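A.B. asks: Got structure10.cif for you, mmCIF, C-alpha atoms and all ligand atoms:
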```cif
data_input
loop_
_atom_site.label_atom_id
_atom_site.label_comp_id
_atom_site.auth_asym_id
_atom_site.auth_seq_id
_atom_site.Cartn_x
_atom_site.Cartn_y
_atom_site.Cartn_z
CA MET A 2 77.15 82.91 114.90
CA LYS A 3 77.51 85.55 117.59
CA GLU A 4 78.18 82.83 120.19
CA LYS A 5 80.66 81.17 117.88
CA MET A 6 82.58 84.41 117.40
CA GLY A 7 82.54 84.77 121.21
CA PHE A 8 84.20 81.38 121.45
CA TYR A 9 86.83 82.31 118.89
CA ASN A 10 87.56 85.58 120.60
CA LEU A 11 87.95 83.71 123.88
CA ALA A 12 90.31 81.26 122.18
CA ALA A 13 92.19 84.23 120.69
CA SER A 14 92.55 85.75 124.16
CA LEU A 15 93.98 82.50 125.51
CA VAL A 16 96.45 82.28 122.65
CA LYS A 17 97.58 85.79 123.60
CA LEU A 18 98.94 84.36 126.84
CA LEU A 19 101.64 82.60 124.81
CA PRO A 20 104.83 84.37 123.72
CA PRO A 21 104.05 86.16 120.42
CA GLU A 22 105.70 83.77 117.95
CA ALA A 23 104.40 80.66 119.69
CA ALA A 24 100.93 82.23 119.68
CA HIS A 25 101.20 82.88 115.97
CA ARG A 26 102.32 79.31 115.27
CA ALA A 27 99.45 77.95 117.38
CA THR A 28 96.98 80.11 115.47
CA ILE A 29 98.24 78.94 112.07
CA ARG A 30 98.10 75.33 113.27
CA ALA A 31 94.51 75.73 114.47
CA LEU A 32 93.53 77.35 111.19
CA ARG A 33 95.16 74.52 109.23
CA LEU A 34 93.07 72.07 111.22
CA GLY A 35 89.93 73.89 110.12
CA LEU A 36 89.27 75.41 113.54
CA GLY A 37 88.91 78.98 112.28
CA PRO A 38 85.66 80.94 112.40
CA VAL A 39 83.53 81.00 109.28
CA SER A 40 81.62 84.17 108.52
CA LEU A 41 78.28 83.34 106.95
CA HIS A 42 77.31 86.96 106.37
CA ARG A 43 77.02 88.19 102.82
CA ASP A 44 78.91 91.36 102.18
CA ASP A 45 76.83 94.50 101.73
CA PRO A 46 76.97 95.38 98.00
CA VAL A 47 78.06 98.92 98.93
CA LEU A 48 81.42 97.37 99.92
CA GLU A 49 82.21 95.98 96.45
CA THR A 50 85.31 97.54 94.95
CA GLU A 51 87.91 97.19 92.23
CA VAL A 52 91.62 97.60 92.68
CA GLY A 53 94.41 97.09 90.16
CA GLY A 54 92.04 95.22 87.87
CA LEU A 55 90.69 92.88 90.56
CA PHE A 56 87.07 92.80 91.66
CA LEU A 57 86.67 92.47 95.45
CA PRO A 58 83.46 91.63 97.35
CA ASN A 59 84.68 93.92 100.14
CA PRO A 60 87.74 96.16 100.47
CA VAL A 61 89.16 94.69 103.70
CA GLY A 62 92.22 92.51 103.00
CA LEU A 63 94.64 90.56 105.16
CA ALA A 64 98.11 92.14 104.91
CA ALA A 65 101.25 90.13 104.20
CA GLY A 66 103.19 88.57 107.06
CA PHE A 67 100.39 86.68 108.80
CA ASP A 68 100.42 83.72 106.41
CA LYS A 69 103.99 83.84 105.17
CA ASP A 70 103.94 80.33 103.69
CA ALA A 71 100.45 80.35 102.14
CA GLU A 72 99.22 77.68 104.53
CA VAL A 73 95.85 79.17 105.49
CA PRO A 74 94.59 81.59 102.81
CA ASP A 75 91.18 79.93 102.55
CA ALA A 76 90.66 79.96 106.32
CA MET A 77 91.36 83.70 106.25
CA LEU A 78 88.99 84.26 103.33
CA ALA A 79 86.33 82.34 105.29
CA MET A 80 86.81 84.83 108.14
CA GLY A 81 85.38 87.46 105.82
CA PHE A 82 88.41 89.15 104.30
CA GLY A 83 87.81 90.46 100.77
CA PHE A 84 91.29 89.30 99.73
CA VAL A 85 94.29 87.67 101.38
CA GLU A 86 97.96 88.39 100.74
CA CYS A 87 100.34 85.53 101.56
CA GLY A 88 104.12 85.91 101.97
CA SER A 89 106.60 87.43 101.89
CA VAL A 90 108.08 84.33 100.30
CA THR A 91 111.74 84.04 99.34
CA PRO A 92 113.04 81.67 96.63
CA HIS A 93 115.10 79.59 99.08
CA PRO A 94 114.00 78.62 102.57
CA GLN A 95 115.59 80.86 105.22
CA ALA A 96 115.27 81.06 108.98
CA GLY A 97 115.11 84.84 109.32
CA ASN A 98 116.62 86.73 112.24
CA PRO A 99 117.36 85.15 115.61
CA GLY A 100 114.63 85.43 118.22
CA PRO A 101 113.12 87.06 120.05
CA ARG A 102 112.03 89.00 116.98
CA LEU A 103 108.33 89.67 117.49
CA PHE A 104 107.11 91.98 120.27
CA ARG A 105 103.63 92.97 121.39
CA LEU A 106 103.38 96.57 122.53
CA ALA A 107 100.07 95.99 124.30
CA GLU A 108 99.89 99.47 125.86
CA ASP A 109 100.14 100.96 122.38
CA LYS A 110 98.08 98.36 120.46
CA ALA A 111 101.18 97.92 118.33
CA ILE A 112 103.70 95.31 117.23
CA ILE A 113 107.41 95.50 116.50
CA ASN A 114 108.84 92.76 114.33
CA ARG A 115 112.26 92.03 112.96
CA MET A 116 111.39 88.62 111.52
CA GLY A 117 113.73 89.11 108.54
CA PHE A 118 111.74 87.16 105.92
CA ASN A 119 111.54 83.80 107.67
CA SER A 120 110.23 81.66 104.84
CA ALA A 121 109.76 77.98 104.07
CA GLY A 122 110.74 78.91 100.51
CA MET A 123 109.07 79.08 97.15
CA GLU A 124 108.58 75.35 96.55
CA HIS A 125 106.63 74.93 99.79
CA PHE A 126 104.59 78.06 99.02
CA ARG A 127 103.85 76.73 95.55
CA SER A 128 102.72 73.33 96.79
CA CYS A 129 100.43 75.01 99.35
CA LEU A 130 98.76 77.06 96.62
CA GLU A 131 98.54 74.03 94.36
CA GLY A 132 96.86 72.06 97.14
CA ARG A 133 94.01 74.56 97.58
CA ARG A 134 90.47 73.52 96.77
CA PRO A 135 88.82 75.75 94.17
CA ASN A 136 87.80 78.95 95.91
CA PRO A 137 86.55 82.13 94.27
CA GLY A 138 88.31 84.27 96.91
CA LEU A 139 91.32 86.29 95.87
CA VAL A 140 94.79 85.35 97.08
CA GLY A 141 97.93 87.37 96.38
CA ALA A 142 101.56 86.30 96.61
CA ASN A 143 103.90 88.80 98.23
CA LEU A 144 107.44 88.31 96.93
CA GLY A 145 110.66 88.93 98.83
CA ALA A 146 114.38 88.33 98.29
CA ASN A 147 116.77 86.05 100.13
CA ARG A 148 119.07 87.87 102.52
CA ASP A 149 122.24 86.40 100.99
CA SER A 150 121.10 86.61 97.38
CA ALA A 151 123.73 87.86 94.92
CA ASP A 152 121.02 89.24 92.63
CA ARG A 153 117.96 90.29 94.57
CA VAL A 154 116.07 91.44 91.51
CA ALA A 155 116.38 87.91 90.14
CA ASP A 156 114.62 86.66 93.28
CA TYR A 157 111.49 88.65 92.41
CA VAL A 158 111.59 87.32 88.86
CA THR A 159 111.93 83.77 90.24
CA GLY A 160 108.89 84.44 92.40
CA LEU A 161 106.80 85.46 89.42
CA LYS A 162 107.93 82.50 87.34
CA THR A 163 107.46 79.91 90.09
CA LEU A 164 104.04 81.07 91.22
CA TRP A 165 102.56 82.25 87.93
CA GLY A 166 99.06 80.84 87.50
CA LEU A 167 98.66 80.14 91.22
CA ALA A 168 98.09 83.65 92.61
CA ASP A 169 95.46 86.23 91.68
CA TYR A 170 98.04 89.00 92.00
CA PHE A 171 101.66 89.53 92.97
CA THR A 172 103.21 92.10 95.27
CA VAL A 173 106.79 93.23 94.83
CA ASN A 174 107.79 93.97 98.41
CA ILE A 175 110.82 96.23 98.64
CA SER A 176 109.85 97.88 101.87
CA SER A 177 110.55 95.45 104.72
CA PRO A 178 113.00 97.07 107.13
CA ASN A 179 114.45 93.78 108.36
CA THR A 180 116.51 92.64 105.38
CA PRO A 181 119.58 94.87 105.21
CA GLY A 182 119.67 96.91 101.99
CA LEU A 183 116.25 95.76 100.74
CA ARG A 184 114.66 99.19 100.90
CA GLY A 185 117.53 100.47 98.75
CA LEU A 186 115.53 98.95 95.88
CA GLN A 187 113.17 101.93 96.30
CA SER A 188 115.87 104.29 94.97
CA GLY A 189 115.66 105.53 91.38
CA ASP A 190 118.12 103.39 89.38
CA ALA A 191 117.50 100.28 91.46
CA MET A 192 113.77 100.61 90.85
CA ASP A 193 114.29 101.00 87.11
CA ASP A 194 116.27 97.77 87.06
CA LEU A 195 113.82 95.91 89.33
CA LEU A 196 110.58 97.02 87.70
CA GLY A 197 112.07 96.70 84.20
CA ARG A 198 113.03 93.06 84.79
CA VAL A 199 109.72 92.31 86.49
CA GLN A 200 107.85 93.78 83.54
CA GLU A 201 109.92 91.78 81.07
CA ALA A 202 109.28 88.51 82.94
CA ARG A 203 105.61 89.33 83.20
CA GLN A 204 105.29 89.97 79.48
CA GLU A 205 106.98 86.65 78.73
CA LEU A 206 104.73 84.78 81.16
CA THR A 207 101.56 86.48 79.99
CA GLY A 208 101.87 85.92 76.26
CA ASP A 209 98.45 86.62 74.79
CA ALA A 210 96.56 85.78 77.99
CA PRO A 211 95.13 88.49 80.26
CA SER A 212 97.91 89.65 82.56
CA VAL A 213 97.98 89.01 86.29
CA PRO A 214 98.13 92.25 88.33
CA VAL A 215 101.41 93.20 89.98
CA PHE A 216 101.44 95.58 92.96
CA LEU A 217 104.33 97.44 94.58
CA LYS A 218 104.56 97.75 98.38
CA VAL A 219 106.35 100.79 99.76
CA ALA A 220 107.61 101.95 103.16
CA PRO A 221 106.02 104.81 105.10
CA ASP A 222 109.47 106.26 105.71
CA ILE A 223 110.35 107.34 102.16
CA GLU A 224 111.30 110.95 101.56
CA LEU A 225 108.44 113.06 100.19
CA PRO A 226 110.28 114.06 96.97
CA ASP A 227 110.59 110.35 96.13
CA VAL A 228 106.83 109.82 96.15
CA GLU A 229 106.30 111.46 92.76
CA ARG A 230 109.22 109.55 91.21
CA ILE A 231 108.15 106.13 92.59
CA THR A 232 104.58 106.72 91.40
CA GLN A 233 105.85 107.68 87.96
CA GLN A 234 108.15 104.65 87.76
CA ALA A 235 105.34 102.34 88.88
CA ARG A 236 103.16 103.65 86.06
CA THR A 237 105.96 103.46 83.50
CA TYR A 238 106.53 99.78 84.22
CA GLY A 239 102.87 98.79 84.29
CA ILE A 240 102.44 98.27 88.04
CA ASN A 241 98.69 97.98 88.73
CA ALA A 242 98.54 99.32 92.29
CA ILE A 243 100.76 100.67 95.05
CA ILE A 244 100.36 99.34 98.60
CA VAL A 245 101.02 102.08 101.16
CA SER A 246 102.54 101.01 103.52
CA ASN A 247 104.79 98.52 105.25
CA THR A 248 105.94 98.91 108.88
CA THR A 249 107.92 101.98 110.01
CA ILE A 250 111.38 102.25 111.49
CA ALA A 251 110.27 105.48 113.22
CA ARG A 252 109.15 105.44 116.86
CA PRO A 253 106.49 108.02 117.72
CA ASP A 254 107.26 109.49 121.14
CA THR A 255 103.76 108.58 122.28
CA LEU A 256 104.78 104.90 122.67
CA GLU A 257 104.45 103.63 126.22
CA SER A 258 105.43 99.98 126.02
CA PRO A 259 108.77 98.82 127.44
CA HIS A 260 109.40 97.17 124.04
CA ALA A 261 109.22 100.50 122.19
CA SER A 262 112.95 100.67 121.56
CA GLU A 263 113.29 97.17 120.08
CA ALA A 264 114.76 97.24 116.58
CA GLY A 265 112.49 96.39 113.66
CA GLY A 266 109.32 97.60 111.99
CA LEU A 267 106.50 99.12 114.00
CA SER A 268 102.91 98.34 113.02
CA GLY A 269 99.47 98.73 114.56
CA ALA A 270 97.61 101.77 115.89
CA PRO A 271 100.61 104.16 116.12
CA LEU A 272 101.25 103.64 112.38
CA MET A 273 97.82 104.87 111.29
CA LYS A 274 98.67 108.57 111.10
CA LYS A 275 102.01 108.24 109.34
CA SER A 276 100.89 105.64 106.80
CA THR A 277 97.72 107.60 105.98
CA LEU A 278 99.72 110.79 105.44
CA MET A 279 101.98 108.84 103.08
CA LEU A 280 98.90 107.43 101.34
CA LYS A 281 97.66 110.99 100.78
CA GLU A 282 101.00 111.92 99.23
CA PHE A 283 100.76 108.96 96.87
CA ALA A 284 97.15 109.83 96.04
CA ALA A 285 98.22 113.36 95.11
CA ALA A 286 101.04 112.00 92.93
CA ALA A 287 98.85 109.31 91.36
CA ARG A 288 96.12 111.74 90.29
CA GLY A 289 93.79 108.76 89.86
CA ARG A 290 96.08 107.09 87.30
CA ILE A 291 97.23 104.24 89.50
CA ASP A 292 95.22 102.51 92.21
CA LEU A 293 96.24 102.55 95.87
CA ILE A 294 95.78 100.11 98.75
CA GLY A 295 95.95 101.61 102.24
CA VAL A 296 97.64 99.66 105.05
CA GLY A 297 98.94 100.61 108.47
CA GLY A 298 97.25 100.96 111.83
CA ILE A 299 93.68 100.10 110.90
CA THR A 300 91.84 99.14 114.09
CA GLY A 301 88.23 99.77 113.10
CA GLY A 302 85.78 100.97 110.48
CA ALA A 303 86.69 104.63 110.98
CA ASP A 304 90.34 103.94 110.10
CA ALA A 305 89.40 101.91 107.02
CA TYR A 306 87.09 104.71 105.92
CA ALA A 307 89.81 107.32 106.48
CA LYS A 308 92.17 105.35 104.20
CA ILE A 309 89.50 105.16 101.50
CA ARG A 310 88.74 108.88 101.78
CA ALA A 311 92.49 109.50 101.56
CA GLY A 312 92.72 107.66 98.24
CA ALA A 313 92.67 103.88 98.79
CA ARG A 314 90.39 101.62 96.76
CA ALA A 315 91.04 98.79 99.24
CA VAL A 316 92.74 98.38 102.61
CA GLN A 317 94.68 95.70 104.46
CA LEU A 318 95.42 95.02 108.11
CA TYR A 319 97.33 92.63 110.30
CA SER A 320 98.28 93.91 113.77
CA ALA A 321 94.75 94.75 114.94
CA LEU A 322 93.78 91.13 114.42
CA VAL A 323 96.18 90.23 117.22
CA TYR A 324 94.43 92.58 119.66
CA HIS A 325 90.82 92.29 118.55
CA GLY A 326 90.49 88.74 117.19
CA PRO A 327 88.70 87.58 114.06
CA ALA A 328 85.38 89.29 114.86
CA LEU A 329 87.11 92.53 113.91
CA VAL A 330 86.73 91.81 110.19
CA ARG A 331 82.96 91.84 110.36
CA THR A 332 82.88 94.83 112.70
CA ILE A 333 84.98 96.85 110.27
CA LYS A 334 82.86 95.85 107.27
CA ARG A 335 79.61 96.70 109.04
CA ASP A 336 80.88 100.04 110.27
CA LEU A 337 82.40 100.92 106.91
CA ALA A 338 79.16 100.16 105.07
CA ALA A 339 77.26 102.36 107.53
CA ARG A 340 79.74 105.23 107.12
CA LEU A 341 79.60 105.06 103.33
CA LYS A 342 75.82 105.17 103.35
CA ALA A 343 75.60 107.90 105.99
CA ASP A 344 77.75 110.12 103.78
CA GLY A 345 75.60 109.37 100.73
CA PHE A 346 78.06 107.17 98.83
CA ASN A 347 76.70 104.27 96.79
CA SER A 348 80.05 102.50 96.52
CA VAL A 349 83.62 102.49 97.82
CA ALA A 350 84.77 103.99 94.51
CA GLU A 351 82.61 107.06 95.04
CA ALA A 352 84.27 107.74 98.39
CA VAL A 353 87.87 107.36 97.19
CA LYS A 354 89.92 110.53 97.66
CA THR A 355 87.08 112.73 98.83
CA ALA A 356 88.66 113.78 102.14
C1 LIG A 401 104.81 90.11 112.33
C2 LIG A 401 104.70 90.85 111.03
C3 LIG A 401 105.27 90.32 109.89
C4 LIG A 401 105.18 90.99 108.68
N1 LIG A 401 105.72 90.44 107.56
C5 LIG A 401 105.56 91.05 106.37
C6 LIG A 401 106.07 90.46 105.18
O1 LIG A 401 106.63 89.36 105.19
N2 LIG A 401 105.91 91.14 104.02
C7 LIG A 401 105.27 92.34 103.95
O2 LIG A 401 105.13 92.91 102.86
N3 LIG A 401 104.77 92.92 105.07
C8 LIG A 401 104.90 92.31 106.25
N4 LIG A 401 104.37 92.89 107.38
C9 LIG A 401 103.76 94.24 107.29
C10 LIG A 401 102.24 94.17 107.15
O3 LIG A 401 101.87 93.55 105.95
C11 LIG A 401 101.64 95.60 107.17
O4 LIG A 401 102.13 96.32 106.06
C12 LIG A 401 102.00 96.36 108.44
O5 LIG A 401 101.98 95.51 109.55
C13 LIG A 401 101.05 97.53 108.70
O6 LIG A 401 99.72 97.08 108.88
P1 LIG A 401 99.05 96.86 110.35
O7 LIG A 401 99.35 98.12 111.13
O8 LIG A 401 97.61 96.63 110.08
O9 LIG A 401 99.73 95.67 110.92
C14 LIG A 401 104.48 92.23 108.61
C15 LIG A 401 103.89 92.75 109.76
C16 LIG A 401 103.98 92.08 110.96
C17 LIG A 401 103.32 92.67 112.19
#
```
What is this file in structure tokens?
Ligand SMILES: Cc1cc2nc3c(=O)[nH]c(=O)nc-3n(C[C@H](O)[C@H](O)[C@H](O)COP(=O)(O)O)c2cc1C
C.D. replies:
Amino acid sequence: MKEKMGFYNLAASLVKLLPPEAAHRATIRALRLGLGPVSLHRDDPVLETEVGGLFLPNPVGLAAGFDKDAEVPDAMLAMGFGFVECGSVTPHPQAGNPGPRLFRLAEDKAIINRMGFNSAGMEHFRSCLEGRRPNPGLVGANLGANRDSADRVADYVTGLKTLWGLADYFTVNISSPNTPGLRGLQSGDAMDDLLGRVQEARQELTGDAPSVPVFLKVAPDIELPDVERITQQARTYGINAIIVSNTTIARPDTLESPHASEAGGLSGAPLMKKSTLMLKEFAAAARGRIDLIGVGGITGGADAYAKIRAGARAVQLYSALVYHGPALVRTIKRDLAARLKADGFNSVAEAVKTA
């Protein structure tokens, strides 16, 4: 297994020689062909957790944006992720922004992207999910809106209706910085309209069956006074968990890469501090009444643990995978389990919000 991971990390390093988007496409293609690494290790029971009504074998999830069209969720689960979020998917296919639109900031272990919801559309996404073999692993569908949509809220409702029954949870993503005006949906009245219509659609779709969890993904750049209001609105409309956070439009002055001033959302190591501070704000506002998922800048077990101690019941990552390869998932899980035990915790839940 160790040798195999060595091979995959070598392959990952070679892929890194390609321009970023070509490298990503090559990776997805290889995964579709079944060439991804398979982790045969059983998760340590100390890593089991529950978030938003879902039971997870481990708290380390793949963040949205890697598998935008739901083409390789099972390959990513096989890598050892506790859950995989596909998307963002938009109702109609759209190309996204012109390239180049994805930049590696290698000196900073960071990424800037301004992809702009490139999506093969909802029908393709649906057929990919329908074509999956039965797999007990959890797959979420992250919903976005078309750039030229006249009614963006309707796009989220379309997402729920089209994919209902095919995803283990849904994420309403209103925090991508690359679709003009999208983050305006985080403002008070807009969120009432959005979450109200999402709740209505969900109630219709659910009927008497157990409901499918719906999460809300927020930006790390929101104003602190809005945290309390967003948390309250999420609870009012039955949102099951808040994902904190998406990429940031801020640029810490520590960045060294020549790409640092590219427009778009910054992710990776330099986002850890900001997104964890925002997570702490949400944890204070949530007072344990709504679950949180911590995302942003996780590069190892210590970061994942810090998010959990700050209030997250699960975490997600994307950018670090680009720099560290697939072996990172196991490294994080092993380190996290050791940290939990060393501090005397018997479960992830016990460690949540103890920092
Ligand atoms: C290339 C790229 C594309 C992304 N696309 C999406 C997306 O479509 N929807 C979404 O909710 N988040 C998207 N994200 C944000 C990630 O899900 C995550 O919130 C962010 O990258 C912070 O985590 P990280 O520092 O571990 O990468 C994207 C991130 C990257 C790097």
A.B. asks: Can you tell me which residues surround A:Asp304 at a distance of at most 9 Å, considering all atoms listed in the file, apart from same-chain residues fewer than 5 positions away, and format the answer as a count of residues only?
C.D. replies: 5
A.B. asks: For ligand LIG 401 (chain A), take all atoms listed in the file, fit an axis-aligned box around them, add 5 Å to each of the six sides, then output centre and edge lengths in Å rounded to one decimal, as lines of an AutoDock Vina configuration file.
C.D. replies:
```
center_x = 102.1
center_y = 93.7
center_z = 107.6
size_x = 19.0
size_y = 18.8
size_z = 19.5
```
A.B. asks: Write out as a list of chain:residue names each polymer residue (protein, DNA or RNA) that has an atom no more than 6 Å from ligand LIG 401 (chain A), with all atoms listed in the file counted.
C.D. replies: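 With all atoms listed in the file and a cut-off of 6 Å, ligand LIG 401 (chain A) is contacted by A:Ala64, A:Ala65, A:Gly66, A:Gly88, A:Ser89, A:Ile112, A:Asn114, A:Phe118, A:Asn174, A:Ser246, A:Asn247, A:Thr248, A:Ser268, A:Gly269, A:Leu272, A:Val296, A:Gly297, A:Gly298, A:Ile299, A:Leu318, A:Tyr319, A:Ser320, A:Ala321.
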A.B. asks: Could you check which of A:Ala305, A:Val213, A:Ala13, A:Val140 is closest to A:Pro74, using only C-alpha atoms?
C.D. replies: A:Val140
A.B. asks: Show which residues sit within 9 Å of stretch 37-52 of chain A, as a PDB file with C-alpha atoms, in the coordinates of the input. Count only C-alpha atoms, and ignore same-chain residues fewer than 5 positions away.
C.D. replies:
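Output (out10.pdb):
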```pdb
ATOM      1  CA  MET A   2      77.150  82.910 114.900  1.00  0.00           C
ATOM      2  CA  LYS A   5      80.660  81.170 117.880  1.00  0.00           C
ATOM      3  CA  MET A   6      82.580  84.410 117.400  1.00  0.00           C
ATOM      4  CA  TYR A   9      86.830  82.310 118.890  1.00  0.00           C
ATOM      5  CA  THR A  28      96.980  80.110 115.470  1.00  0.00           C
ATOM      6  CA  ALA A  31      94.510  75.730 114.470  1.00  0.00           C
ATOM      7  CA  LEU A  32      93.530  77.350 111.190  1.00  0.00           C
ATOM      8  CA  LEU A  57      86.670  92.470  95.450  1.00  0.00           C
ATOM      9  CA  PRO A  58      83.460  91.630  97.350  1.00  0.00           C
ATOM     10  CA  ASN A  59      84.680  93.920 100.140  1.00  0.00           C
ATOM     11  CA  PRO A  60      87.740  96.160 100.470  1.00  0.00           C
ATOM     12  CA  ALA A  76      90.660  79.960 106.320  1.00  0.00           C
ATOM     13  CA  MET A  77      91.360  83.700 106.250  1.00  0.00           C
ATOM     14  CA  LEU A  78      88.990  84.260 103.330  1.00  0.00           C
ATOM     15  CA  ALA A  79      86.330  82.340 105.290  1.00  0.00           C
ATOM     16  CA  MET A  80      86.810  84.830 108.140  1.00  0.00           C
ATOM     17  CA  GLY A  81      85.380  87.460 105.820  1.00  0.00           C
ATOM     18  CA  GLY A  83      87.810  90.460 100.770  1.00  0.00           C
ATOM     19  CA  ASN A 241      98.690  97.980  88.730  1.00  0.00           C
ATOM     20  CA  ALA A 242      98.540  99.320  92.290  1.00  0.00           C
ATOM     21  CA  ASP A 292      95.220 102.510  92.210  1.00  0.00           C
ATOM     22  CA  LEU A 293      96.240 102.550  95.870  1.00  0.00           C
ATOM     23  CA  ILE A 294      95.780 100.110  98.750  1.00  0.00           C
ATOM     24  CA  ALA A 313      92.670 103.880  98.790  1.00  0.00           C
ATOM     25  CA  ARG A 314      90.390 101.620  96.760  1.00  0.00           C
ATOM     26  CA  ALA A 315      91.040  98.790  99.240  1.00  0.00           C
ATOM     27  CA  PRO A 327      88.700  87.580 114.060  1.00  0.00           C
ATOM     28  CA  ALA A 328      85.380  89.290 114.860  1.00  0.00           C
ATOM     29  CA  ARG A 331      82.960  91.840 110.360  1.00  0.00           C
ATOM     30  CA  LYS A 334      82.860  95.850 107.270  1.00  0.00           C
ATOM     31  CA  ARG A 335      79.610  96.700 109.040  1.00  0.00           C
ATOM     32  CA  LEU A 337      82.400 100.920 106.910  1.00  0.00           C
ATOM     33  CA  ALA A 338      79.160 100.160 105.070  1.00  0.00           C
ATOM     34  CA  LEU A 341      79.600 105.060 103.330  1.00  0.00           C
ATOM     35  CA  LYS A 342      75.820 105.170 103.350  1.00  0.00           C
ATOM     36  CA  PHE A 346      78.060 107.170  98.830  1.00  0.00           C
ATOM     37  CA  ASN A 347      76.700 104.270  96.790  1.00  0.00           C
ATOM     38  CA  SER A 348      80.050 102.500  96.520  1.00  0.00           C
ATOM     39  CA  VAL A 349      83.620 102.490  97.820  1.00  0.00           C
ATOM     40  CA  ALA A 350      84.770 103.990  94.510  1.00  0.00           C
TER      41      ALA A 350
END
```
A.B. asks: Could you tell me which of A:Gly97, A:Lys354, A:Asp254, A:Pro221 comes closest to A:Ala146 if we count all atoms listed in the file?
C.D. replies: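 Counting all atoms listed in the file, the residue closest to A:Ala146 is A:Gly97.
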A.B. asks: For A:His25, work out the shell of residues within 10 Å, counting only C-alpha atoms and skipping chain neighbours fewer than 5 positions away, then give it as a ChimeraX atom specification.
C.D. replies: /A:16-17,19-20,30-31,67-68,103,323
A.B. asks: Find the distance between atom CA of A:Ala339 and atom CA of A:Val85 and write it in Å to one decimal.
C.D. replies: 23.3 Å
A.B. asks: Name the residues in contact with A:Leu144 at a cut-off of 9 Å, using all atoms listed in the file, excluding same-chain residues fewer than 3 positions from it; report them as an MDAnalysis selection string.
C.D. replies: chainID A and resid 87:92 156:157 160:161 171:175
A.B. asks: Under the rule that all atoms listed in the file are counted, which of A:Asn136, A:Thr249, A:Thr332, A:Thr180 is the nearest residue to A:Asp149?
C.D. replies: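 Selected residue with least distance to A:Asp149: A:Thr180.
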A.B. asks: Given the choices A:Ala352, A:Ile223, A:Ala142, A:Ala155, which gets closest to A:Ser176 if the distance is worked out from all atoms listed in the file?
C.D. replies: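 Answer, going by the shortest atom-to-atom distance: A:Ile223.
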A.B. asks: Between atom CA of A:Gln204 and atom CA of A:Lys162, what is the spacing in Å?
C.D. replies: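 So the two atoms, atom CA of A:Lys162 and atom CA of A:Gln204, lie 11.2 Å apart.
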A.B. asks: Separation of atom CA of A:Ile240 and atom CA of A:Thr163, in Å?
C.D. replies: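 For atom CA of A:Ile240 relative to atom CA of A:Thr163, the distance reads 19.1 Å.
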A.B. asks: Can you save stretch 214-226 of chain A of the given block to a file, including N, CA and C atoms and formatted as a short mmCIF file (atom, residue, chain, number, x, y, z; two decimals), in the first residue's frame?
C.D. replies:
```cif
data_model
loop_
_atom_site.label_atom_id
_atom_site.label_comp_id
_atom_site.auth_asym_id
_atom_site.auth_seq_id
_atom_site.Cartn_x
_atom_site.Cartn_y
_atom_site.Cartn_z
N PRO A 214 -30.73 16.14 4.36
CA PRO A 214 -30.13 17.35 4.93
C PRO A 214 -29.77 18.40 3.86
N VAL A 215 -29.95 19.65 4.23
CA VAL A 215 -29.54 20.76 3.37
C VAL A 215 -28.58 21.65 4.17
N PHE A 216 -27.41 21.91 3.59
CA PHE A 216 -26.39 22.74 4.22
C PHE A 216 -26.30 24.09 3.49
N LEU A 217 -25.75 25.07 4.18
CA LEU A 217 -25.55 26.40 3.60
C LEU A 217 -24.06 26.71 3.63
N LYS A 218 -23.50 27.13 2.50
CA LYS A 218 -22.05 27.42 2.47
C LYS A 218 -21.82 28.92 2.38
N VAL A 219 -21.04 29.44 3.32
CA VAL A 219 -20.86 30.89 3.43
C VAL A 219 -19.42 31.30 3.10
N ALA A 220 -19.26 32.59 2.84
CA ALA A 220 -17.95 33.16 2.53
C ALA A 220 -17.21 33.50 3.83
N PRO A 221 -15.88 33.57 3.76
CA PRO A 221 -15.14 33.98 4.96
C PRO A 221 -15.08 35.50 5.10
N ASP A 222 -15.63 36.20 4.10
CA ASP A 222 -15.49 37.66 4.06
C ASP A 222 -16.72 38.39 4.59
N ILE A 223 -17.69 37.66 5.15
CA ILE A 223 -18.90 38.37 5.61
C ILE A 223 -18.58 39.23 6.83
N GLU A 224 -19.38 40.27 6.99
CA GLU A 224 -19.18 41.18 8.12
C GLU A 224 -19.59 40.48 9.41
N LEU A 225 -18.85 40.71 10.48
CA LEU A 225 -19.14 40.00 11.73
C LEU A 225 -20.59 40.17 12.22
N PRO A 226 -21.18 41.36 12.13
CA PRO A 226 -22.58 41.48 12.61
C PRO A 226 -23.55 40.59 11.83
#
```
